Structures are given as C-alpha cells and as structure tokens.
file entry39.cif (mmCIF, C-alpha atoms and all ligand atoms)
data_target
#
loop_
_atom_site.label_atom_id
_atom_site.label_comp_id
_atom_site.auth_asym_id
_atom_site.auth_seq_id
_atom_site.Cartn_x
_atom_site.Cartn_y
_atom_site.Cartn_z
CA TYR A 1 -238.77 45.42 17.47
CA TYR A 2 -238.73 48.94 16.11
CA ASN A 3 -238.37 52.56 17.10
CA ASP A 4 -239.20 55.89 15.44
CA ASP A 5 -236.21 55.65 13.12
CA THR A 6 -236.52 52.02 12.02
CA VAL A 7 -236.71 51.61 8.25
CA ILE A 8 -238.73 48.87 6.58
CA TYR A 9 -239.41 47.96 2.98
CA PHE A 10 -243.10 47.83 2.09
CA ASP A 11 -244.82 47.54 -1.29
CA GLY A 12 -242.02 48.88 -3.45
CA LYS A 13 -240.43 51.46 -1.15
CA PHE A 14 -238.33 51.96 1.92
CA MET A 15 -240.18 53.87 4.63
CA LYS A 16 -240.30 54.38 8.38
CA ALA A 17 -241.89 51.42 10.19
CA LYS A 18 -244.18 53.83 12.04
CA ASP A 19 -245.60 55.11 8.73
CA ALA A 20 -246.60 51.72 7.29
CA GLY A 21 -250.34 51.55 6.77
CA MET A 22 -252.25 48.34 7.11
CA ASP A 23 -255.18 47.23 5.01
CA LEU A 24 -257.93 45.80 7.21
CA TYR A 25 -259.77 44.15 4.31
CA GLY A 26 -257.32 41.37 3.55
CA GLN A 27 -257.10 37.57 3.54
CA SER A 28 -253.79 37.64 5.41
CA LEU A 29 -255.15 39.43 8.45
CA HIS A 30 -258.44 37.54 8.54
CA TYR A 31 -257.37 34.04 7.50
CA GLY A 32 -253.61 33.81 8.14
CA TYR A 33 -253.11 33.69 4.36
CA SER A 34 -249.54 34.97 4.21
CA VAL A 35 -246.10 33.50 3.69
CA PHE A 36 -242.94 34.60 5.41
CA GLU A 37 -239.31 33.81 6.17
CA GLY A 38 -236.97 34.05 9.12
CA ILE A 39 -233.41 34.91 8.07
CA LYS A 40 -230.29 35.97 9.95
CA SER A 41 -227.38 38.18 9.05
CA TYR A 42 -224.06 37.97 10.85
CA THR A 43 -220.94 40.03 11.27
CA THR A 44 -218.46 37.82 9.46
CA ASP A 45 -214.74 38.01 8.68
CA GLN A 46 -215.86 39.58 5.38
CA GLY A 47 -218.41 42.10 6.66
CA THR A 48 -222.16 41.73 7.11
CA ARG A 49 -223.45 38.59 5.43
CA ILE A 50 -226.94 37.13 5.19
CA PHE A 51 -226.66 33.41 5.92
CA LYS A 52 -228.11 31.27 3.09
CA ALA A 53 -230.11 34.15 1.57
CA LYS A 54 -230.67 32.16 -1.63
CA GLU A 55 -232.12 29.15 0.19
CA HIS A 56 -234.43 31.35 2.29
CA TYR A 57 -235.69 33.38 -0.66
CA GLU A 58 -236.16 30.27 -2.78
CA ARG A 59 -238.28 28.85 0.04
CA LEU A 60 -240.28 32.10 0.24
CA LYS A 61 -241.03 31.91 -3.49
CA ARG A 62 -241.94 28.23 -3.19
CA SER A 63 -244.22 28.95 -0.20
CA ALA A 64 -246.01 31.66 -2.22
CA GLU A 65 -246.37 29.30 -5.18
CA LEU A 66 -247.80 26.49 -3.02
CA MET A 67 -250.33 28.96 -1.57
CA HIS A 68 -251.25 30.43 -4.99
CA ILE A 69 -250.03 33.84 -3.87
CA PRO A 70 -248.81 35.98 -6.79
CA PHE A 71 -245.20 36.99 -6.09
CA GLU A 72 -242.91 38.37 -8.77
CA TYR A 73 -239.69 39.30 -6.94
CA SER A 74 -236.54 37.37 -7.91
CA VAL A 75 -234.15 35.88 -5.36
CA GLU A 76 -231.51 38.42 -6.46
CA GLN A 77 -233.86 41.40 -6.02
CA LEU A 78 -234.90 40.15 -2.59
CA THR A 79 -231.30 39.68 -1.52
CA ASP A 80 -230.26 43.14 -2.74
CA LEU A 81 -233.22 44.79 -0.99
CA THR A 82 -232.36 42.99 2.24
CA TYR A 83 -228.75 44.20 2.19
CA GLU A 84 -230.05 47.71 1.56
CA LEU A 85 -232.48 47.40 4.47
CA LEU A 86 -229.65 46.32 6.80
CA GLU A 87 -227.50 49.19 5.61
CA ARG A 88 -230.26 51.80 6.01
CA ASN A 89 -230.80 50.63 9.61
CA GLY A 90 -227.09 50.19 10.36
CA PHE A 91 -227.65 46.54 11.35
CA SER A 92 -225.12 43.73 11.07
CA ASP A 93 -226.20 40.91 13.40
CA ALA A 94 -229.90 40.94 12.69
CA TYR A 95 -233.01 38.85 12.30
CA ILE A 96 -234.81 39.55 9.02
CA ARG A 97 -238.50 38.93 8.52
CA PRO A 98 -239.77 39.04 4.92
CA LEU A 99 -243.57 38.82 4.79
CA VAL A 100 -245.87 38.47 1.80
CA THR A 101 -249.49 39.45 2.45
CA CYS A 102 -252.56 39.54 0.24
CA SER A 103 -255.02 42.39 0.12
CA PRO A 104 -257.65 43.66 -0.57
CA ASN A 105 -259.77 40.56 -0.94
CA MET A 106 -262.04 38.91 1.58
CA SER A 107 -262.99 35.86 -0.48
CA LEU A 108 -261.79 32.29 0.00
CA SER A 109 -260.25 32.09 -3.45
CA LYS A 110 -256.61 32.75 -4.23
CA GLY A 111 -254.96 36.11 -3.58
CA LYS A 112 -255.10 38.66 -6.38
CA LYS A 113 -252.42 41.08 -5.27
CA SER A 114 -249.58 40.62 -2.83
CA TYR A 115 -247.40 43.02 -0.87
CA LEU A 116 -243.84 42.36 0.21
CA SER A 117 -242.67 43.73 3.55
CA LEU A 118 -239.11 43.38 4.79
CA LEU A 119 -238.52 43.98 8.49
CA ALA A 120 -235.32 43.57 10.46
CA TRP A 121 -234.19 43.98 14.03
CA GLU A 122 -230.90 43.57 15.82
CA TRP A 123 -230.38 40.13 17.26
CA ASN A 124 -227.94 38.16 19.25
CA ASN A 125 -228.73 34.82 20.80
CA GLY A 126 -227.74 35.85 24.32
CA TYR A 127 -231.21 35.47 25.79
CA LEU A 128 -231.85 31.90 24.67
CA ALA A 129 -231.56 29.20 27.33
CA ASP A 130 -228.31 27.21 27.11
CA LYS A 131 -230.20 23.98 27.47
CA MET A 132 -233.90 23.53 27.03
CA LYS A 133 -236.32 21.50 29.07
CA ILE A 134 -238.95 20.31 26.65
CA MET A 135 -242.19 18.34 26.85
CA THR A 136 -244.13 16.24 24.40
CA SER A 137 -247.08 18.38 23.36
CA GLU A 138 -250.68 17.29 23.11
CA PHE A 139 -251.04 19.64 20.15
CA GLN A 140 -250.22 17.84 16.89
CA ARG A 141 -248.57 19.37 13.85
CA PRO A 142 -250.97 20.50 11.12
CA ASN A 143 -252.04 17.47 9.09
CA PRO A 144 -250.19 17.39 5.72
CA LYS A 145 -253.47 16.44 4.07
CA ALA A 146 -255.03 19.67 5.32
CA PHE A 147 -252.11 22.11 4.87
CA LYS A 148 -249.00 22.60 2.76
CA VAL A 149 -246.83 21.91 5.78
CA GLU A 150 -243.58 22.38 3.87
CA ALA A 151 -244.54 26.01 3.20
CA LYS A 152 -243.93 28.72 5.78
CA VAL A 153 -247.47 30.07 6.06
CA GLY A 154 -248.73 32.57 8.65
CA GLY A 155 -251.80 30.53 9.61
CA HIS A 156 -249.75 27.44 10.48
CA TYR A 157 -248.20 29.33 13.36
CA VAL A 158 -251.43 29.47 15.34
CA ASN A 159 -250.66 25.81 16.02
CA SER A 160 -247.10 26.77 17.06
CA ILE A 161 -248.37 29.42 19.48
CA LEU A 162 -250.76 26.93 21.10
CA ALA A 163 -248.04 24.29 21.53
CA CYS A 164 -245.35 26.70 22.74
CA GLN A 165 -247.57 28.54 25.23
CA ASP A 166 -248.96 25.27 26.60
CA ALA A 167 -245.39 24.06 27.26
CA LYS A 168 -244.49 27.38 28.95
CA ASP A 169 -247.63 27.28 31.10
CA LYS A 170 -246.53 23.82 32.28
CA GLY A 171 -243.05 25.05 33.24
CA TYR A 172 -241.06 23.91 30.19
CA ASP A 173 -239.04 25.97 27.71
CA GLU A 174 -240.53 24.48 24.57
CA ALA A 175 -242.82 21.87 23.07
CA LEU A 176 -241.92 18.75 21.11
CA VAL A 177 -244.75 18.39 18.62
CA LEU A 178 -245.77 15.05 17.11
CA ASP A 179 -247.38 14.32 13.77
CA GLU A 180 -250.86 12.79 13.45
CA ASN A 181 -249.34 9.27 13.73
CA GLY A 182 -247.55 10.02 17.00
CA TYR A 183 -244.09 10.36 15.46
CA VAL A 184 -241.82 13.21 16.51
CA ALA A 185 -242.02 16.13 14.08
CA GLU A 186 -240.39 19.29 15.43
CA SER A 187 -240.78 22.09 17.95
CA SER A 188 -243.05 25.11 17.57
CA GLY A 189 -240.38 26.85 15.49
CA ALA A 190 -237.35 24.62 14.97
CA ASN A 191 -236.33 21.16 13.79
CA VAL A 192 -235.08 18.48 16.15
CA PHE A 193 -232.24 15.93 16.30
CA TYR A 194 -231.26 13.39 18.93
CA GLU A 195 -228.02 11.49 19.35
CA LYS A 196 -227.47 7.89 20.33
CA ASP A 197 -224.14 6.04 20.18
CA GLY A 198 -222.60 8.71 17.98
CA ILE A 199 -225.44 8.64 15.41
CA LEU A 200 -227.78 11.59 14.88
CA PHE A 201 -231.46 10.99 14.14
CA THR A 202 -233.92 13.52 12.77
CA PRO A 203 -237.55 13.19 11.64
CA ALA A 204 -237.96 12.46 7.94
CA LYS A 205 -239.83 15.00 5.80
CA GLY A 206 -243.61 14.73 5.64
CA SER A 207 -244.99 16.67 8.59
CA ILE A 208 -242.11 19.05 9.24
CA LEU A 209 -240.98 22.36 7.86
CA PRO A 210 -237.79 21.19 6.12
CA GLY A 211 -235.46 23.67 7.76
CA ILE A 212 -232.47 25.30 6.16
CA THR A 213 -230.54 24.83 9.42
CA ARG A 214 -231.52 21.13 9.42
CA GLN A 215 -230.00 20.90 5.94
CA THR A 216 -226.86 22.72 7.11
CA VAL A 217 -226.57 20.30 10.05
CA MET A 218 -226.67 17.38 7.62
CA GLU A 219 -223.98 19.00 5.46
CA ILE A 220 -221.80 19.51 8.56
CA CYS A 221 -222.35 15.88 9.64
CA ASN A 222 -221.26 14.76 6.21
CA GLU A 223 -218.07 16.82 6.45
CA LEU A 224 -217.31 15.64 9.99
CA ASN A 225 -218.16 11.99 9.22
CA ILE A 226 -220.96 11.94 11.78
CA PRO A 227 -223.64 9.48 10.66
CA VAL A 228 -227.12 10.99 10.42
CA GLN A 229 -230.40 9.24 9.72
CA GLU A 230 -233.71 10.77 8.60
CA THR A 231 -236.35 8.48 10.00
CA PHE A 232 -239.66 8.28 11.86
CA PHE A 233 -239.41 7.79 15.62
CA LYS A 234 -241.56 8.13 18.74
CA PRO A 235 -240.73 10.26 21.79
CA GLU A 236 -239.92 7.04 23.73
CA GLU A 237 -236.90 6.48 21.47
CA MET A 238 -235.64 9.98 22.09
CA ARG A 239 -236.26 10.13 25.85
CA GLY A 240 -233.08 9.35 27.78
CA ALA A 241 -230.88 9.33 24.63
CA ASP A 242 -227.30 10.65 24.79
CA ALA A 243 -228.18 14.17 23.59
CA GLY A 244 -230.69 16.20 21.63
CA PHE A 245 -230.93 19.62 20.07
CA PHE A 246 -233.29 21.97 18.30
CA CYS A 247 -232.05 23.77 15.21
CA GLY A 248 -233.37 26.72 13.27
CA THR A 249 -232.30 30.08 11.95
CA ALA A 250 -233.30 31.87 15.16
CA ALA A 251 -232.40 29.11 17.64
CA GLU A 252 -229.18 28.14 15.77
CA ILE A 253 -228.32 24.90 17.57
CA VAL A 254 -229.62 24.74 21.11
CA ALA A 255 -228.96 21.76 23.36
CA LEU A 256 -231.83 19.95 25.07
CA ASP A 257 -231.62 19.31 28.78
CA SER A 258 -234.49 16.85 29.12
CA LEU A 259 -237.60 15.54 27.41
CA ASP A 260 -240.63 15.07 29.67
CA ASP A 261 -238.28 15.48 32.67
CA VAL A 262 -236.05 12.60 31.54
CA PRO A 263 -232.54 14.05 31.13
CA PHE A 264 -230.33 13.45 28.12
CA THR A 265 -227.51 11.42 29.54
CA LYS A 266 -224.19 12.38 28.01
CA ASP A 267 -222.11 15.41 28.92
CA TRP A 268 -222.94 17.86 26.08
CA LYS A 269 -219.24 18.71 25.61
CA ALA A 270 -218.51 15.05 24.84
CA THR A 271 -221.19 14.64 22.17
CA ALA A 272 -221.09 14.70 18.38
CA SER A 273 -223.95 17.20 18.65
CA GLU A 274 -221.64 19.71 20.36
CA LYS A 275 -219.15 19.35 17.48
CA VAL A 276 -221.96 20.13 15.05
CA GLN A 277 -222.98 23.14 17.16
CA GLN A 278 -219.42 24.53 17.16
CA ALA A 279 -219.08 23.96 13.41
CA TYR A 280 -222.40 25.75 12.79
CA LEU A 281 -221.45 28.78 14.91
CA LYS A 282 -218.20 29.04 12.97
CA ARG A 283 -219.81 28.57 9.57
CA VAL A 284 -222.21 31.50 9.94
CA ARG A 285 -219.39 33.89 10.89
CA VAL A 286 -216.25 32.70 9.14
CA LEU A 287 -216.70 32.68 5.37
CA SER A 288 -213.07 32.00 4.65
CA LEU A 289 -213.34 28.47 6.06
N1 LIG A 301 -239.76 24.28 11.87
C1 LIG A 301 -240.56 25.34 12.06
C2 LIG A 301 -242.00 25.12 12.39
C3 LIG A 301 -240.03 26.64 11.95
O1 LIG A 301 -240.82 27.71 12.14
C4 LIG A 301 -238.66 26.80 11.66
C5 LIG A 301 -238.08 28.17 11.56
N2 LIG A 301 -238.19 28.68 10.27
C6 LIG A 301 -237.88 25.66 11.46
C7 LIG A 301 -238.47 24.41 11.58
C8 LIG A 301 -236.43 25.76 11.14
O2 LIG A 301 -236.25 26.25 9.83
P1 LIG A 301 -234.96 27.05 9.39
O3 LIG A 301 -233.80 26.23 9.79
O4 LIG A 301 -235.10 27.16 7.91
O5 LIG A 301 -234.99 28.35 10.09
#
call {"tool": "encode", "arguments": {"input": "entry39.cif", "output": "structure tokens", "more": "lines below"}}
Ligand code: PMP
result
Amino acid sequence: YYNDDTVIYFDGKFMKAKDAGMDLYGQSLHYGYSVFEGIKSYTTDQGTRIFKAKEHYERLKRSAELMHIPFEYSVEQLTDLTYELLERNGFSDAYIRPLVTCSPNMSLSKGKKSYLSLLAWEWNNGYLADKMKIMTSEFQRPNPKAFKVEAKVGGHYVNSILACQDAKDKGYDEALVLDENGYVAESSGANVFYEKDGILFTPAKGSILPGITRQTVMEICNELNIPVQETFFKPEEMRGADAGFFCGTAAEIVALDSLDDVPFTKDWKATASEKVQQAYLKRVRVLSL
C-alpha cells in the first residue's frame, strides 16, 4: 500500500506515511470506533477526477455524526485535500481511504477529539475475478437495532472479515450475507443486484450500507429504461436467476457466476446487467457524456 516516498494527510498536515505516529490509547484502535470511506479517482477525458467525491464525503460526515464523532472538515475542504494528496503522490487511478479516528480516550462515551487521515494507493481492477462464485454466509449482517448499519464504521467490518474469510476458506470468492430475518443484504463489502426477465432487484435499505455505486446503478437503470425494484428477497429467489452482480466503489460492477454452486443462467453479454456495467465503466471515465 505504501513505500518510503508515499505521502499521506494526517491531523492537519501532509507527511510521509512512514512517519505517521499512532496513538495506542484510543477508542478507534481498541473498540473499532472509527468511520471511513472508500473512494476512487480515475483518469478521465478531463484529467484526474474523483468519482462522486461529494457523495462520499457527505456520507463520511453523516457516519461521524451518527457515531457522535466530532468532525469539522467541510466536503469542499476534504475534496481539495484529496486532490492535493493525489497530486503529491502522482496518482491518477487510485483508491482513496479517508479515516477518522478518535484518541486519546479509553472510555465508552463519545469521542472527544478526532483525527483525519487520508491515504491513497494506485489501483486498477485488473486483479478482480471476472465472475464471482459466491455462497450464502452463515454470518448475518450486524443487527440494525445494535449498530448504525447505514454508517461506514470500522468495527462493523469485523463482521465483513468473518464472512469473507469463511467464504474463501470454503472455496468461494465472496459471501452473500443475509439480514437477521434471512433476507439478502449484501456482500462483505459491496451491494448486490440480481436480474430476472429484464428486471433488476436489489435489497431495500434497512440492513445494508446504502452504497453510492448502488445509487449510480439505479440512476443508470433509469436512463436506460431498465426496471429496478428495491425489495426484500431470500437467496432462493436469487439462486438460478438470469444474472447477478455485486457493486461498490472498489468492485465497480462485477458479474456473479453462481450462488451456492447454482449458476446464473443467461449469457452475461445478453443481460441488462451487462449494459449497466458498460454504462458504469464509461461514466467514471468519460465526463463529457
Ligand atoms: N456495502 C458494504 C458493506 C461496503 O463496505 C461497501 C463499500 N463501501 C458497499 C456496500 C458499497 O458502497 P459504495 O458503492 O458506496 O462503495
């Protein structure tokens, strides 16, 4: 992720990643009490552009607010700092990881002081599988009555690590995680859609992280006249459907090969999902559309 020259932004200044100190007496390290974002920048027809910076930084501020973490940066400041970070590192196609941590404080009451870190590393999606074999996980999503599931909180991702690693240990690429009622929620780090008879279905909000890519997919569907329904459904309804995909900032739109070893049935190239995928890949790189 970094080398001796990598520049990060931490607590008000740009510095070398290798020089960043870490406070061991903090709620973020001990309790997972942090909020973060996952953002991508692309080489576009108009230079380096951060895709949906406003939406990501609004979500970061909202996550901090929901977790009672003090956080004063504006969306504009955050966006400007991120462009500066990319420039200082000479990155164009990059993954950007803003992180807000709280320290020093070891109590179980709200954070008193927060620190913003901005990290980035070069990224292209080359290493992701073309089509993912996924399995229904026995690990459930965090219960919305126990967590602010719509916030992107460090501690929630312990659940994601358990689900993802369990799927990998069993020979799959990823996990499909259900909510506490047995309805499909999402993967360890992306939202999910499936396609049947030209209609796209995606889990309604409630137990999911409402993804910015999920929202972009719905905008694209609207433009392409592809019907899309937000609803609650069980894995049985998705298994053996025409197609399925995961979507997220990092994953972009990645086709699913099978769910619990039952293949999706339609040739990916002939699906509405593939049209959405192509439109997404164009949208992030061609601003003059
Ligand atoms: N769900 C989870 C659990 C995630 O971690 C992510 C990635 N942020 C997503 C969904 C997709 O969100 P986005 O499209 O905003 O990246």
call {"tool": "closest_residue", "arguments": {"input": "entry39.cif", "among": "A:Leu200, A:Leu108, A:Val35, A:Val75", "to": "ligand LIG 301 (chain A)", "atoms": "all atoms listed in the file"}}
result
A:Val35
call {"tool": "residues_near_ligand", "arguments": {"input": "entry39.cif", "ligand": "ligand LIG 301 (chain A)", "cutoff": "6 Å", "atoms": "all atoms listed in the file", "output": "ChimeraX atom specification"}}
result
/A:38,188-191,209,211-214,248-249
call {"tool": "atom_distance", "arguments": {"input": "entry39.cif", "atom1": "CA of Ala94 in chain A", "atom2": "CA of Pro203 in chain A"}}
result
28.8 Å
call {"tool": "atom_distance", "arguments": {"input": "entry39.cif", "atom1": "CA of Gly154 in chain A", "atom2": "CA of Leu99 in chain A"}}
result
9.0 Å
call {"tool": "atom_distance", "arguments": {"input": "entry39.cif", "atom1": "CA of Val276 in chain A", "atom2": "CA of Met218 in chain A"}}
result
9.2 Å
call {"tool": "closest_residue", "arguments": {"input": "entry39.cif", "among": "A:Val158, A:Ala241, A:Met67, A:Val284", "to": "Trp268 in chain A", "atoms": "only C-alpha atoms"}}
result
A:Ala241
call {"tool": "residues_around", "arguments": {"input": "entry39.cif", "residues": "Met22 in chain A", "least_positions_apart": "4", "cutoff": "12 Å", "atoms": "only C-alpha atoms", "output": "list in words"}}
result
Phe10, Asp11, Ala17, Lys18, Gly26, Ser28, Leu29, Thr101, Cys102, Ser103, Pro104, Tyr115 and Ser117 of chain A
call {"tool": "write_last_selection", "arguments": {"input": "entry39.cif", "atoms": "C-alpha atoms", "output": "short mmCIF file (atom, residue, chain, number, x, y, z; two decimals), in the frame of the given file"}}
result
data_model
loop_
_atom_site.label_atom_id
_atom_site.label_comp_id
_atom_site.auth_asym_id
_atom_site.auth_seq_id
_atom_site.Cartn_x
_atom_site.Cartn_y
_atom_site.Cartn_z
CA PHE A 10 -243.10 47.83 2.09
CA ASP A 11 -244.82 47.54 -1.29
CA ALA A 17 -241.89 51.42 10.19
CA LYS A 18 -244.18 53.83 12.04
CA GLY A 26 -257.32 41.37 3.55
CA SER A 28 -253.79 37.64 5.41
CA LEU A 29 -255.15 39.43 8.45
CA THR A 101 -249.49 39.45 2.45
CA CYS A 102 -252.56 39.54 0.24
CA SER A 103 -255.02 42.39 0.12
CA PRO A 104 -257.65 43.66 -0.57
CA TYR A 115 -247.40 43.02 -0.87
CA SER A 117 -242.67 43.73 3.55
#
